[in-house]
Structures are given as structure tokens and as C-alpha cells.
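Student: Contents of start04.tsv (TSV, C-alpha atoms (C1' of nucleotides)):
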chain	number	residue	atom	x	y	z
A	1	MET	CA	-9.17	107.64	91.75
A	2	GLU	CA	-9.98	111.03	93.11
A	3	ASN	CA	-8.49	114.07	91.47
A	4	ILE	CA	-7.02	115.62	94.58
A	5	LYS	CA	-4.96	118.13	92.64
A	6	LEU	CA	-8.06	119.66	91.11
A	7	LYS	CA	-9.87	119.84	94.43
A	8	LEU	CA	-6.88	121.45	96.13
A	9	ALA	CA	-6.47	124.03	93.38
A	10	ARG	CA	-10.14	124.94	93.61
A	11	VAL	CA	-10.14	125.25	97.39
A	12	GLU	CA	-6.95	127.29	97.29
A	13	LYS	CA	-8.79	129.74	95.06
A	14	GLY	CA	-11.61	129.91	97.60
A	15	MET	CA	-14.12	128.58	95.12
A	16	SER	CA	-17.04	126.24	95.68
A	17	GLN	CA	-17.84	123.57	93.12
A	18	GLN	CA	-20.75	125.76	92.07
A	19	ASN	CA	-18.48	128.78	91.59
A	20	LEU	CA	-16.09	126.85	89.38
A	21	ALA	CA	-18.93	125.26	87.47
A	22	ASP	CA	-20.44	128.65	86.69
A	23	LEU	CA	-17.11	130.02	85.49
A	24	VAL	CA	-16.44	127.14	83.13
A	25	GLY	CA	-20.01	126.71	81.95
A	26	ALA	CA	-20.65	123.34	83.55
A	27	THR	CA	-22.81	122.08	86.41
A	28	ARG	CA	-21.67	121.52	89.96
A	29	GLN	CA	-22.49	117.84	89.54
A	30	THR	CA	-20.00	117.59	86.70
A	31	ILE	CA	-17.29	119.29	88.73
A	32	GLY	CA	-18.03	117.10	91.72
A	33	LEU	CA	-17.84	113.92	89.68
A	34	ILE	CA	-14.58	114.97	88.03
A	35	GLU	CA	-13.09	115.61	91.47
A	36	LYS	CA	-14.35	112.21	92.56
A	37	GLY	CA	-12.68	110.62	89.56
A	38	LYS	CA	-15.97	109.26	88.25
A	39	TYR	CA	-15.96	111.20	84.99
A	40	ASN	CA	-13.67	111.18	81.99
A	41	PRO	CA	-14.02	114.86	81.10
A	42	SER	CA	-13.51	116.37	77.68
A	43	LEU	CA	-10.28	118.14	76.84
A	44	ASN	CA	-12.07	121.45	76.36
A	45	LEU	CA	-13.57	121.28	79.82
A	46	CYS	CA	-10.21	120.38	81.34
A	47	VAL	CA	-8.63	123.37	79.62
A	48	LYS	CA	-11.35	125.72	80.84
A	49	ILE	CA	-10.97	124.44	84.38
A	50	ALA	CA	-7.20	124.81	84.29
A	51	LYS	CA	-7.36	128.34	82.90
A	52	THR	CA	-9.94	129.35	85.48
A	53	LEU	CA	-7.77	128.04	88.30
A	54	ASP	CA	-4.60	129.55	86.81
A	55	ARG	CA	-3.06	126.15	86.31
A	56	THR	CA	-2.05	123.99	83.35
A	57	LEU	CA	-3.36	120.66	82.17
A	58	ASN	CA	-0.32	118.95	83.64
A	59	ASP	CA	-0.85	120.68	86.98
A	60	LEU	CA	-4.34	119.29	87.37
A	61	PHE	CA	-4.70	116.23	85.17
A	62	TRP	CA	-1.30	114.66	84.63
A	63	TYR	CA	0.06	111.86	86.78
A	64	GLU	CA	3.53	110.64	85.97
A	65	ASP	CA	2.85	107.12	87.15
A	66	LYS	CA	-0.31	106.69	85.10
A	67	LYS	CA	-0.10	103.72	82.74
B	1	MET	CA	-7.67	124.81	64.75
B	2	GLU	CA	-5.41	121.96	63.84
B	3	ASN	CA	-3.38	120.26	66.50
B	4	ILE	CA	-0.01	120.58	64.84
B	5	LYS	CA	1.88	119.58	67.98
B	6	LEU	CA	0.19	116.20	68.04
B	7	LYS	CA	0.78	115.58	64.36
B	8	LEU	CA	4.45	116.53	64.65
B	9	ALA	CA	4.98	114.30	67.67
B	10	ARG	CA	3.39	111.38	65.87
B	11	VAL	CA	5.42	111.86	62.68
B	12	GLU	CA	8.61	112.27	64.70
B	13	LYS	CA	7.92	108.83	66.13
B	14	GLY	CA	7.52	107.45	62.64
B	15	MET	CA	3.94	106.43	63.30
B	16	SER	CA	0.97	106.51	60.98
B	17	GLN	CA	-2.43	107.55	62.28
B	18	GLN	CA	-3.35	103.88	62.17
B	19	ASN	CA	-0.30	102.90	64.23
B	20	LEU	CA	-1.09	105.42	66.92
B	21	ALA	CA	-4.75	104.51	66.90
B	22	ASP	CA	-3.94	100.84	67.43
B	23	LEU	CA	-1.61	101.63	70.32
B	24	VAL	CA	-4.13	103.78	72.15
B	25	GLY	CA	-7.17	101.67	71.35
B	26	ALA	CA	-8.88	104.12	69.04
B	27	THR	CA	-9.61	104.29	65.33
B	28	ARG	CA	-7.59	106.12	62.73
B	29	GLN	CA	-10.58	108.35	62.06
B	30	THR	CA	-10.57	109.52	65.65
B	31	ILE	CA	-6.86	110.29	65.53
B	32	GLY	CA	-7.24	112.08	62.23
B	33	LEU	CA	-10.08	114.22	63.48
B	34	ILE	CA	-8.23	115.14	66.66
B	35	GLU	CA	-5.26	116.23	64.56
B	36	LYS	CA	-7.62	118.24	62.39
B	37	GLY	CA	-9.02	119.92	65.49
B	38	LYS	CA	-12.52	118.68	64.75
B	39	TYR	CA	-12.88	116.59	67.88
B	40	ASN	CA	-12.94	117.43	71.55
B	41	PRO	CA	-11.31	114.26	72.82
B	42	SER	CA	-11.71	112.80	76.28
B	43	LEU	CA	-9.02	113.29	78.89
B	44	ASN	CA	-8.30	109.57	79.04
B	45	LEU	CA	-7.65	109.42	75.31
B	46	CYS	CA	-5.41	112.48	75.51
B	47	VAL	CA	-3.41	110.85	78.28
B	48	LYS	CA	-3.04	107.60	76.35
B	49	ILE	CA	-1.87	109.49	73.27
B	50	ALA	CA	0.62	111.53	75.26
B	51	LYS	CA	2.06	108.49	77.01
B	52	THR	CA	2.36	106.61	73.73
B	53	LEU	CA	4.24	109.48	72.13
B	54	ASP	CA	6.42	110.01	75.21
B	55	ARG	CA	4.98	113.47	75.78
B	56	THR	CA	2.84	115.16	78.40
B	57	LEU	CA	-0.63	116.68	78.17
B	58	ASN	CA	0.90	120.13	78.05
B	59	ASP	CA	3.27	119.13	75.27
B	60	LEU	CA	0.46	118.08	72.97
B	61	PHE	CA	-2.74	119.77	74.12
B	62	TRP	CA	-1.89	122.97	75.95
B	63	TYR	CA	-1.74	126.36	74.25
B	64	GLU	CA	-0.75	129.27	76.42
B	65	ASP	CA	-2.79	131.78	74.48
B	66	LYS	CA	-5.96	129.75	74.60
B	67	LYS	CA	-8.85	131.62	76.18
C	1	DG	C1'	-0.69	99.61	35.06
C	2	DC	C1'	-1.25	97.50	39.49
C	3	DT	C1'	-0.97	97.12	44.49
C	4	DA	C1'	-0.34	98.73	49.06
C	5	DT	C1'	-0.11	102.39	52.38
C	6	DA	C1'	-1.62	106.80	54.25
C	7	DT	C1'	-5.02	110.08	54.74
C	8	DG	C1'	-9.62	112.70	54.23
C	9	DC	C1'	-14.46	112.74	54.43
C	10	DA	C1'	-19.29	111.41	55.31
C	11	DA	C1'	-23.46	108.72	57.10
C	12	DT	C1'	-25.13	105.89	60.56
C	13	DA	C1'	-24.85	103.52	65.01
C	14	DT	C1'	-23.28	103.19	69.71
C	15	DA	C1'	-21.19	104.60	74.05
C	16	DT	C1'	-20.78	107.90	77.29
C	17	DA	C1'	-20.17	112.76	79.00
C	18	DT	C1'	-23.09	116.25	80.67
C	19	DT	C1'	-27.46	118.35	82.02
C	20	DT	C1'	-31.62	118.52	84.48
C	21	DT	C1'	-34.23	117.71	88.40
C	22	DA	C1'	-34.69	116.10	92.80
C	23	DC	C1'	-33.63	114.68	97.45
C	24	DA	C1'	-30.25	113.91	101.01
C	25	DT	C1'	-26.75	115.33	104.81
C	26	DA	C1'	-23.52	118.47	107.22
C	27	DT	C1'	-22.11	122.82	108.76
C	28	DA	C1'	-22.29	127.73	110.08
C	29	DA	C1'	-24.81	131.84	111.16
C	30	DT	C1'	-28.79	134.19	112.87
D	1	DA	C1'	-35.02	126.09	115.47
D	2	DT	C1'	-34.32	127.94	111.08
D	3	DT	C1'	-32.03	129.56	107.07
D	4	DA	C1'	-28.35	129.35	103.73
D	5	DT	C1'	-24.31	127.27	101.74
D	6	DA	C1'	-21.67	123.27	100.27
D	7	DT	C1'	-21.54	118.75	98.84
D	8	DG	C1'	-23.06	113.78	97.56
D	9	DT	C1'	-26.00	110.86	94.98
D	10	DA	C1'	-29.31	109.10	91.56
D	11	DA	C1'	-32.67	108.66	87.55
D	12	DA	C1'	-33.90	110.24	83.14
D	13	DA	C1'	-32.99	113.13	79.10
D	14	DT	C1'	-29.84	115.25	75.90
D	15	DA	C1'	-25.49	116.25	73.61
D	16	DT	C1'	-21.58	114.63	71.71
D	17	DA	C1'	-17.34	111.62	71.41
D	18	DT	C1'	-16.16	107.52	69.17
D	19	DA	C1'	-16.79	103.38	66.23
D	20	DT	C1'	-18.13	101.33	62.00
D	21	DT	C1'	-18.38	101.11	57.21
D	22	DG	C1'	-17.57	102.76	52.90
D	23	DC	C1'	-15.61	105.53	49.22
D	24	DA	C1'	-12.32	108.91	47.65
D	25	DT	C1'	-7.44	110.70	46.46
D	26	DA	C1'	-2.37	110.77	46.56
D	27	DT	C1'	1.95	108.59	46.75
D	28	DA	C1'	5.57	104.98	46.40
D	29	DG	C1'	7.18	100.66	44.82
D	30	DC	C1'	6.87	96.70	41.90
Let me see whether you can do it: turn the structure in this file into C-alpha cells.

Tutor:
Amino acid sequence: MENIKLKLARVEKGMSQQNLADLVGATRQTIGLIEKGKYNPSLNLCVKIAKTLDRTLNDLFWYEDKK
Amino acid sequence: MENIKLKLARVEKGMSQQNLADLVGATRQTIGLIEKGKYNPSLNLCVKIAKTLDRTLNDLFWYEDKK
DNA sequence: GCTATATGCAATATATATTTTACATATAAT
DNA sequence: ATTATATGTAAAATATATATTGCATATAGC
């Protein structure tokens, strides 16, 4: 499923996928695929993304109803 | 650095590394290395571990002072 | 002493995240 | 019409997470 929380947080910051990718040291493809829910990113990357967007892991990657 | 929060949460549940590994579908080596801070685990594995230990991502994998 | 459990460590193999490169479409501005 | 930005997608290459197997030590109980 798509990671809508990540996409929203990025857009709220006025960043493009490329902007975020540059800041966290990844590629825009990686960011795009994470937002699309087609990647299972590493913890380190998740942490970098969260810090860059001034959010926490829970804010962006935690879903209460997840099995 | 070691992930002391994960280790504590596991021990508090009375689980061995092997127990936790079985419950999340990983090996005890993987759990041990994550606790030792020598692995950069995938988000999915982090989520499974957190759910199994009745914690959240932030509880086990988020450090406020992390860069 | 012996056995079982828990953990650490290392080498090799496998699965998969991520990069690289490329091409595509849509939109906005000039 | 053209240029630039933003995004989606895909194939191949590379990096790395994870599994597998094996051996080691320490501890607790019998």
C-alpha cells in the first residue's frame, strides 16, 4: 500500500522527490518507490527521511492496524 | 551502537533471541546482530519485531539525538 | 562430568534493496 | 512550440540484508 503519510510530509515541506533524495543520500527512484509502497526500505534510510522531514519513525512508517 | 532498547524489551517479555526470531520469521543471528547494532534491518522486520514485543517503531528504533 | 539452553562470531550463499541509466508523460512558464 | 520541472516505470548492475552452517563459550540443572 502507498505510504501516504510520507508523501504528505514531503509535500508539506515543499520538497520534490529529488530534493528529499538528495538530502538523505538516496535516488529519486528510491523515494518514489517507497512512497508507492513498492520498497521495504532500510531502517537507516527511514530514520534519515524522518529526520529530514522533522518527523519520527512512527509519524511516517507506523500503522496501528498493521498485522 | 548497540540497540539496548530492543534487548531490554525482549528480555522483559522473557524471550530468547531464538524465540523472537521464530515469531518474526527471522534467524537468531539476525536478531543478535540487530541488538548488537551491526545490522541495518529492513522496515518490515522492524515492524514485525515491534508488534511482537508490543512496542512501536519509536519505542525500539528511534533515538532523538540521532543525526 | 554431562546435557541443554543462550549467545557470539565467522564464512559462504541467497534474496533483495538501491543505484544507474534510460525513456516516458504531464504540467507550467516563457 | 519549447524549455524545465516533477514524476512513473523498467532493465541491468551493485551493495547489502538475511539465511545457512558450523564452531565457540558460558551458565544452569541433573

Student: Using only C-alpha atoms (C1' of nucleotides), can you tell me which of C:DA22, C:DA17, C:DA29, C:DC2 comes closest to chain A?

Tutor: C:DA17

Student: Is it possible to get the superposed chain B, fitted on chain A over all Cα pairs by sequence order, as a short mmCIF file (atom, residue, chain, number, x, y, z; two decimals) with C-alpha atoms, keeping the file's coordinate frame?

Tutor:
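Done, and the output landed in part-v1.cif:
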data_model
loop_
_atom_site.label_atom_id
_atom_site.label_comp_id
_atom_site.auth_asym_id
_atom_site.auth_seq_id
_atom_site.Cartn_x
_atom_site.Cartn_y
_atom_site.Cartn_z
CA MET B 1 -9.17 107.61 91.77
CA GLU B 2 -9.99 111.02 93.09
CA ASN B 3 -8.50 114.07 91.48
CA ILE B 4 -7.03 115.62 94.58
CA LYS B 5 -4.96 118.13 92.62
CA LEU B 6 -8.07 119.66 91.11
CA LYS B 7 -9.88 119.83 94.42
CA LEU B 8 -6.89 121.44 96.13
CA ALA B 9 -6.48 124.02 93.38
CA ARG B 10 -10.15 124.92 93.59
CA VAL B 11 -10.15 125.24 97.39
CA GLU B 12 -6.95 127.29 97.29
CA LYS B 13 -8.81 129.73 95.07
CA GLY B 14 -11.61 129.90 97.60
CA MET B 15 -14.13 128.56 95.11
CA SER B 16 -17.03 126.23 95.68
CA GLN B 17 -17.85 123.56 93.12
CA GLN B 18 -20.75 125.76 92.07
CA ASN B 19 -18.48 128.78 91.60
CA LEU B 20 -16.09 126.86 89.40
CA ALA B 21 -18.92 125.27 87.48
CA ASP B 22 -20.44 128.66 86.71
CA LEU B 23 -17.11 130.04 85.52
CA VAL B 24 -16.44 127.17 83.15
CA GLY B 25 -20.01 126.73 81.96
CA ALA B 26 -20.66 123.38 83.58
CA THR B 27 -22.81 122.12 86.43
CA ARG B 28 -21.70 121.51 89.97
CA GLN B 29 -22.48 117.83 89.53
CA THR B 30 -20.00 117.60 86.69
CA ILE B 31 -17.30 119.31 88.73
CA GLY B 32 -18.02 117.11 91.71
CA LEU B 33 -17.84 113.94 89.67
CA ILE B 34 -14.58 114.97 88.02
CA GLU B 35 -13.10 115.61 91.46
CA LYS B 36 -14.36 112.21 92.56
CA GLY B 37 -12.67 110.63 89.55
CA LYS B 38 -15.95 109.26 88.26
CA TYR B 39 -15.95 111.19 85.01
CA ASN B 40 -13.68 111.19 82.01
CA PRO B 41 -14.03 114.85 81.10
CA SER B 42 -13.50 116.34 77.68
CA LEU B 43 -10.27 118.12 76.84
CA ASN B 44 -12.06 121.42 76.35
CA LEU B 45 -13.57 121.26 79.82
CA CYS B 46 -10.20 120.37 81.31
CA VAL B 47 -8.63 123.36 79.60
CA LYS B 48 -11.36 125.71 80.81
CA ILE B 49 -10.96 124.44 84.37
CA ALA B 50 -7.20 124.80 84.26
CA LYS B 51 -7.34 128.33 82.88
CA THR B 52 -9.92 129.35 85.47
CA LEU B 53 -7.76 128.04 88.29
CA ASP B 54 -4.59 129.56 86.81
CA ARG B 55 -3.06 126.13 86.29
CA THR B 56 -2.05 123.99 83.34
CA LEU B 57 -3.36 120.63 82.15
CA ASN B 58 -0.33 118.94 83.65
CA ASP B 59 -0.84 120.67 86.98
CA LEU B 60 -4.34 119.30 87.39
CA PHE B 61 -4.71 116.23 85.18
CA TRP B 62 -1.31 114.66 84.64
CA TYR B 63 0.06 111.86 86.81
CA GLU B 64 3.53 110.66 85.98
CA ASP B 65 2.89 107.13 87.14
CA LYS B 66 -0.26 106.72 85.12
CA LYS B 67 -0.11 103.78 82.73
#

Student: Considering only C-alpha atoms, extract the chain B residues located within 9 Å of chain A and return them as a PDB file with C-alpha atoms, keeping the file's coordinate frame.

Tutor:
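Saved result, selection_26.pdb, follows:
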ATOM      1  CA  ASN B  40     -12.940 117.430  71.550  1.00  0.00           C
ATOM      2  CA  PRO B  41     -11.310 114.260  72.820  1.00  0.00           C
ATOM      3  CA  SER B  42     -11.710 112.800  76.280  1.00  0.00           C
ATOM      4  CA  LEU B  43      -9.020 113.290  78.890  1.00  0.00           C
ATOM      5  CA  ASN B  44      -8.300 109.570  79.040  1.00  0.00           C
ATOM      6  CA  CYS B  46      -5.410 112.480  75.510  1.00  0.00           C
ATOM      7  CA  VAL B  47      -3.410 110.850  78.280  1.00  0.00           C
ATOM      8  CA  LYS B  48      -3.040 107.600  76.350  1.00  0.00           C
ATOM      9  CA  LYS B  51       2.060 108.490  77.010  1.00  0.00           C
ATOM     10  CA  THR B  56       2.840 115.160  78.400  1.00  0.00           C
ATOM     11  CA  LEU B  57      -0.630 116.680  78.170  1.00  0.00           C
ATOM     12  CA  ASN B  58       0.900 120.130  78.050  1.00  0.00           C
ATOM     13  CA  PHE B  61      -2.740 119.770  74.120  1.00  0.00           C
ATOM     14  CA  TRP B  62      -1.890 122.970  75.950  1.00  0.00           C
ATOM     15  CA  GLU B  64      -0.750 129.270  76.420  1.00  0.00           C
ATOM     16  CA  LYS B  66      -5.960 129.750  74.600  1.00  0.00           C
ATOM     17  CA  LYS B  67      -8.850 131.620  76.180  1.00  0.00           C
TER      18      LYS B  67
END

Student: In Å to one decimal, how far is C1' of DA10 in chain C from CA of Ala21 in chain B?

Tutor: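 It comes out at 19.8 Å.
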
Student: Kindly list the centre and edge lengths in Å, rounded to one decimal, for the axis-aligned box that covers all listed atoms of range 8-26 of chain D plus 6 Å on each of its six sides, as JSON.

Tutor:
{"center_x": -18.1, "center_y": 108.7, "center_z": 72.0, "size_x": 43.5, "size_y": 27.1, "size_z": 63.1}

Student: Could you list, as a list in words, every residue within 10 Å of Gln29 in chain A, counting only C-alpha atoms (C1' of nucleotides) and ignoring same-chain residues fewer than 6 positions away?

Tutor: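 Listed by chain and then number, they are Gln17, Gln18, Ala21 and Glu35 of chain A; DT18 and DT19 of chain C; DT7, DG8 and DT9 of chain D.
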
Student: Should the cut-off be 10 Å, what would the residue list for chain D against chain B look like, counting only C-alpha atoms (C1' of nucleotides), as a list in words?

Tutor: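 So the residues of chain D near chain B are DT16, DA17, DT18, DA19 and DT20 of chain D.
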
Student: Under the rule of at most 9 Å, produce a per-residue listing of chain C near chain B: chain, number, name, the closest pair of atoms, and the distance in Å, as JSON lines, using all atoms listed in the file.

Tutor:
{"residue": "C:DA6", "atom": "C1'", "partner": "B:Ser16", "partner_atom": "CA", "distance": 7.2}
{"residue": "C:DT7", "atom": "C1'", "partner": "B:Gly32", "partner_atom": "CA", "distance": 8.1}
{"residue": "C:DG8", "atom": "C1'", "partner": "B:Gly32", "partner_atom": "CA", "distance": 8.4}
{"residue": "C:DA17", "atom": "C1'", "partner": "B:Ser42", "partner_atom": "CA", "distance": 8.9}

Student: Could you write out that same residue set with C-alpha atoms (C1' of nucleotides) as a PDB file, in the frame of the given file?

Tutor:
ATOM      1  C1'  DA C   6      -1.620 106.800  54.250  1.00  0.00           C
ATOM      2  C1'  DT C   7      -5.020 110.080  54.740  1.00  0.00           C
ATOM      3  C1'  DG C   8      -9.620 112.700  54.230  1.00  0.00           C
ATOM      4  C1'  DA C  17     -20.170 112.760  79.000  1.00  0.00           C
TER       5       DA C  17
END

Student: Using only C-alpha atoms (C1' of nucleotides) and a cutoff of 10 Å, can you tell me which residues are near (-8.9, 125.7, 59.7) in the file's coordinates, and write them out as a PyMOL selection string?

Tutor: chain B and resi 1-2+36-38

Student: Any idea what the distance is between C1' of DT12 in chain C and CA of Ile34 in chain B?

Tutor: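 Computed distance, C1' of DT12 in chain C to CA of Ile34 in chain B, equals 20.2 Å.
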
Student: Quick one, how far is C1' of DA13 in chain D from C1' of DT21 in chain C?

Tutor: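 Between these atoms lies a distance of 10.4 Å.
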
Student: Write out as JSON, numbers by chain the residues lying within 12 Å of DC30 in chain D, counting only C-alpha atoms (C1' of nucleotides) and excluding same-chain residues fewer than 3 positions away.

Tutor: {"C": [1, 2, 3, 4]}
